[in-house]
Amino acid sequence: MSKSLFNDFEGVSSKAWKQKIQVDLKGADYNDTLIWKTNEGIDVKPFYHPDEFDSLPEVSNSKATEWKICQSITVEDAKEANKTAINAIERGAESILFIVPSKDVSVEDLLKNITCPIELKCEFLSESFSTNLKAINSELTLHTDIIGNLAKTGNWYSNLKEDNEKFDAIVKTTNQFSVDLSLYQNAGASIIQQLAYGMAHANEYLNHLDSIISSEAKSTLHITFNVSEGSNYFFEIAKLRALRQLWSALANEYGINTDCKIIATPSKRNKTIYDYNVNLLRTTTECMSAVLGGANVVCNSPYDALYHKSNEFGERISRNQLLVLKNESYFDKVNNPADGAYYIENLTEQLAEKALVLFKDIEANGGFLHQLKEGTIQRKIKESAAKEQADFDAEKLVLLGTNKHPNPNDKMKNNLEISPFLKIEKRKTIIEPILQKRLSEKLETKRLKEE
């Protein structure tokens with residue numbers, strides 16, 4: 001067929017569609033009936049049309065054909081962690097994320113015979129450890145985020161001066177740093193807040209490094225964003241796309257490499273201990289959002305991670321979810337699959353614009369660190385989290401099996417190997433830490449007491 005059948009039909013404008021819808025509503029109000037108003041301040045329309053765009057959207061700077069299946073491993077013993085990693089690679093993992101709690105870990109034993117890409121998060125700050133790592137494996141990505149540690153714990157690793165000196169040395173050695181947006185998501189921040197705080201967080205580093213690193217180093221500076229994906233499917237796709245756009249614009253102002261790596265994990269906020277198998281569905285859709293949004297690396301969470309210690313079965317299931325997405329659902333066959341979807345393009349644009357407004361407000365009022373020290377960031381996240389919690393309590397936000405259709409015969413008291421609840425330690429901090437808390441904690445505590 002040389003002639004397109006679409007040429008035989010007249011185009012229909014968005015105005016004509018809306019008129020037809022209003023007729024079919026038979027007097028009901030279009031805005032009240034069909035427009036969904038979100039906590040992000042975005043009104044979601046029932047349809048989107050190309051005539052609402054001034055120009056064609058740009059092609060996304062990401063490649064869905066290249067996303068990696070990642071396995072997260074907390075290192076308690078270097079040799080055992082190495083064996084676990086090699087086993088995971090043999091079973092389909094394409095990247096390994098090591099979480100290292102102590103600098104006493106033997107780097108040589110940890111990285112032995114591992115040839116796939118490695119992500120490494122240290123729960124400490126050490127220039128010598130970082131130098132040793134890069135000497136052994138120059139390709140690994142080292143996550144260094146002193147502001148993220150301050151926001152999460154309320155304290156610097158040592159103090160402001162010493163942390164900055166070590167951070168400078170590590171960046172000069174590795175030419176990379178990271179920004180943890182997952183903290184804000186898991187604490188209850190809105191998507192717009194996550195994006196704005198992530199950019200303001202990164203901007204603190206860029207301001208600091210601007211006069212420290214060379215122009216040549218700036219052009220190859222490697223930044224990694226750690227992001228948690230929630231269950232609002234299309235919004236989460238748009239979030240990652242907006243993140244890349246915002247970073248590109250910010251980095252361009254500093255003459256920094258405008259590309260970035262995004263590592264996505266499912267949110268902790270909506271996971272439950274009751275009817276825990278539903279966590280499989282939640283993590284699957286969240287991983288799908290991550291891939292379609294353009295994440296470079298997807299690191300799934302086991303369905304039982306809340307209440308079980310790390311175990312082979314849970315890790316295998318979480319890895320297999322990603323293997324099914326890649327090898328049976330063909331989520332690695334098309335680059336930028338969300339490009340050109342008018343709804344997602346519109347969401348991306350609105351999220352980016354609203355996040356930029358909030359980012360500018362933060363910068364105009366002293367910057368991210370200043371607002372952290374004043375408690376403004378913490379207060380805003382608490383307000384957002386309270387709104388989401390109220391929606392959950394009122395069953396407007398549904399977690400199946402928990403606040404909707406719970407199974408009264410489901411018992412969990414004897415299955416808790418680790419505590420799934422927020423623990424607040426009494427200790428001295430220089431700022432109020434940002435606390436991560438799940439939506440269902442209060443309800444689950446009540447049910448456990450009644451078992």
# chains A, B, ... in the order shown; residues from 1 in each chain; ligands from 1

call {"tool": "residues_around", "arguments": {"residues": "Thr348 in chain A", "least_positions_apart": "3", "cutoff": "12 Å", "atoms": "only C-alpha atoms", "output": "PyMOL selection string"}}
result
chain A and resi 42+57-58+60+191-192+195+234-246+293+338-345+351-355

call {"tool": "closest_atom_pairs", "arguments": {"of": "range 183-271 of chain A", "to": "range 362-383 of chain A", "cutoff": "6 Å", "atoms": "only C-alpha atoms", "output": "CSV"}}
result
residue,atom,partner,partner_atom,distance
A:Ala189,CA,A:Ile381,CA,4.8
A:Ala200,CA,A:Phe368,CA,5.5
A:His201,CA,A:Phe368,CA,6.0

call {"tool": "write_last_selection", "arguments": {"atoms": "N, CA and C atoms", "output": "mmCIF file, in the first residue's frame"}}
result
data_model
loop_
_atom_site.group_PDB
_atom_site.id
_atom_site.type_symbol
_atom_site.label_atom_id
_atom_site.label_comp_id
_atom_site.auth_asym_id
_atom_site.auth_seq_id
_atom_site.Cartn_x
_atom_site.Cartn_y
_atom_site.Cartn_z
ATOM 1 N N ALA A 189 8.028 13.299 50.025
ATOM 2 C CA ALA A 189 8.052 14.506 49.192
ATOM 3 C C ALA A 189 7.253 14.282 47.911
ATOM 4 N N ALA A 200 18.582 21.412 43.548
ATOM 5 C CA ALA A 200 19.200 22.319 44.525
ATOM 6 C C ALA A 200 20.339 21.616 45.267
ATOM 7 N N HIS A 201 20.141 20.354 45.569
ATOM 8 C CA HIS A 201 21.159 19.498 46.186
ATOM 9 C C HIS A 201 22.400 19.434 45.284
#

call {"tool": "residues_around", "arguments": {"residues": "Asp410 in chain A", "least_positions_apart": "6", "cutoff": "12 Å", "atoms": "only C-alpha atoms", "output": "JSON, numbers by chain"}}
result
{"A": [273, 274, 275, 276, 277, 401, 402, 444, 447, 448, 450, 451]}

call {"tool": "select_by_dssp", "arguments": {"residues": "range 77-238 of chain A", "states": "strand (DSSP E)", "output": "number ranges by chain"}}
result
A: 95-100, 118-122, 141-143, 176-180, 222-229

call {"tool": "write_last_selection", "arguments": {"atoms": "N, CA, C and O atoms", "output": "short mmCIF file (atom, residue, chain, number, x, y, z; two decimals), in the first residue's frame"}}
result
data_model
loop_
_atom_site.label_atom_id
_atom_site.label_comp_id
_atom_site.auth_asym_id
_atom_site.auth_seq_id
_atom_site.Cartn_x
_atom_site.Cartn_y
_atom_site.Cartn_z
N SER A 95 24.71 -5.76 36.50
CA SER A 95 25.38 -4.72 37.27
C SER A 95 25.26 -5.08 38.75
O SER A 95 24.29 -5.73 39.14
N ILE A 96 26.24 -4.69 39.54
CA ILE A 96 26.22 -4.98 40.97
C ILE A 96 26.34 -3.68 41.75
O ILE A 96 27.20 -2.84 41.47
N LEU A 97 25.46 -3.51 42.73
CA LEU A 97 25.52 -2.38 43.65
C LEU A 97 25.97 -2.90 45.02
O LEU A 97 25.23 -3.62 45.69
N PHE A 98 27.19 -2.56 45.40
CA PHE A 98 27.70 -2.94 46.71
C PHE A 98 27.45 -1.80 47.69
O PHE A 98 27.79 -0.64 47.42
N ILE A 99 26.86 -2.12 48.84
CA ILE A 99 26.71 -1.16 49.93
C ILE A 99 27.71 -1.54 51.00
O ILE A 99 27.62 -2.61 51.60
N VAL A 100 28.71 -0.67 51.21
CA VAL A 100 29.85 -1.00 52.07
C VAL A 100 29.76 -0.20 53.38
O VAL A 100 29.88 1.02 53.36
N ILE A 118 30.07 -1.90 38.11
CA ILE A 118 29.92 -1.94 39.57
C ILE A 118 29.55 -0.55 40.09
O ILE A 118 30.18 0.45 39.74
N GLU A 119 28.51 -0.51 40.93
CA GLU A 119 28.14 0.69 41.68
C GLU A 119 28.54 0.44 43.13
O GLU A 119 28.29 -0.64 43.66
N LEU A 120 29.14 1.44 43.78
CA LEU A 120 29.59 1.23 45.14
C LEU A 120 29.21 2.41 46.03
O LEU A 120 29.61 3.54 45.78
N LYS A 121 28.39 2.12 47.05
CA LYS A 121 27.99 3.12 48.03
C LYS A 121 28.68 2.83 49.36
O LYS A 121 28.52 1.75 49.92
N CYS A 122 29.43 3.80 49.84
CA CYS A 122 30.11 3.66 51.13
C CYS A 122 29.33 4.41 52.21
O CYS A 122 28.89 5.54 51.98
N THR A 141 31.57 2.93 39.49
CA THR A 141 30.96 4.20 39.89
C THR A 141 30.92 4.27 41.41
O THR A 141 30.30 3.42 42.06
N LEU A 142 31.59 5.26 41.96
CA LEU A 142 31.62 5.45 43.41
C LEU A 142 30.63 6.55 43.79
O LEU A 142 30.71 7.67 43.29
N HIS A 143 29.70 6.23 44.65
CA HIS A 143 28.67 7.18 45.05
C HIS A 143 29.15 7.98 46.27
O HIS A 143 29.33 7.42 47.36
N GLN A 176 33.72 12.04 39.83
CA GLN A 176 32.30 11.68 39.91
C GLN A 176 31.76 11.93 41.31
O GLN A 176 32.51 11.94 42.29
N PHE A 177 30.45 12.16 41.40
CA PHE A 177 29.76 12.24 42.68
C PHE A 177 28.30 11.85 42.44
O PHE A 177 27.88 11.63 41.30
N SER A 178 27.53 11.73 43.52
CA SER A 178 26.14 11.29 43.36
C SER A 178 25.21 12.18 44.18
O SER A 178 25.63 12.88 45.09
N VAL A 179 23.94 12.11 43.82
CA VAL A 179 22.89 12.84 44.53
C VAL A 179 21.75 11.86 44.81
O VAL A 179 21.26 11.20 43.90
N ASP A 180 21.34 11.78 46.07
CA ASP A 180 20.32 10.81 46.47
C ASP A 180 18.95 11.47 46.56
O ASP A 180 18.62 12.12 47.55
N HIS A 222 31.17 13.03 36.05
CA HIS A 222 30.15 12.00 36.02
C HIS A 222 29.26 12.13 37.25
O HIS A 222 29.74 12.00 38.38
N ILE A 223 27.95 12.38 37.05
CA ILE A 223 27.03 12.48 38.18
C ILE A 223 26.01 11.36 38.10
O ILE A 223 25.52 11.01 37.02
N THR A 224 25.70 10.79 39.25
CA THR A 224 24.70 9.72 39.34
C THR A 224 23.57 10.18 40.25
O THR A 224 23.82 10.65 41.37
N PHE A 225 22.35 10.05 39.77
CA PHE A 225 21.18 10.34 40.59
C PHE A 225 20.57 9.01 41.04
O PHE A 225 20.26 8.15 40.21
N ASN A 226 20.41 8.86 42.35
CA ASN A 226 19.71 7.70 42.90
C ASN A 226 18.25 8.09 43.14
O ASN A 226 17.98 9.02 43.91
N VAL A 227 17.35 7.39 42.47
CA VAL A 227 15.94 7.79 42.46
C VAL A 227 15.07 6.62 42.90
O VAL A 227 15.32 5.47 42.51
N SER A 228 14.04 6.90 43.70
CA SER A 228 13.03 5.89 44.03
C SER A 228 11.78 6.17 43.20
O SER A 228 11.34 7.32 43.09
N GLU A 229 11.22 5.10 42.65
CA GLU A 229 10.04 5.21 41.81
C GLU A 229 8.79 4.78 42.58
O GLU A 229 8.74 3.69 43.15
#

call {"tool": "residues_around", "arguments": {"residues": "range 156-173 of chain A", "least_positions_apart": "4", "cutoff": "12 Å", "atoms": "only C-alpha atoms", "output": "ChimeraX atom specification"}}
result
/A:122-135,138,141-152,177-178,204-206,208-214,216-218,220-223,369,428-431,433
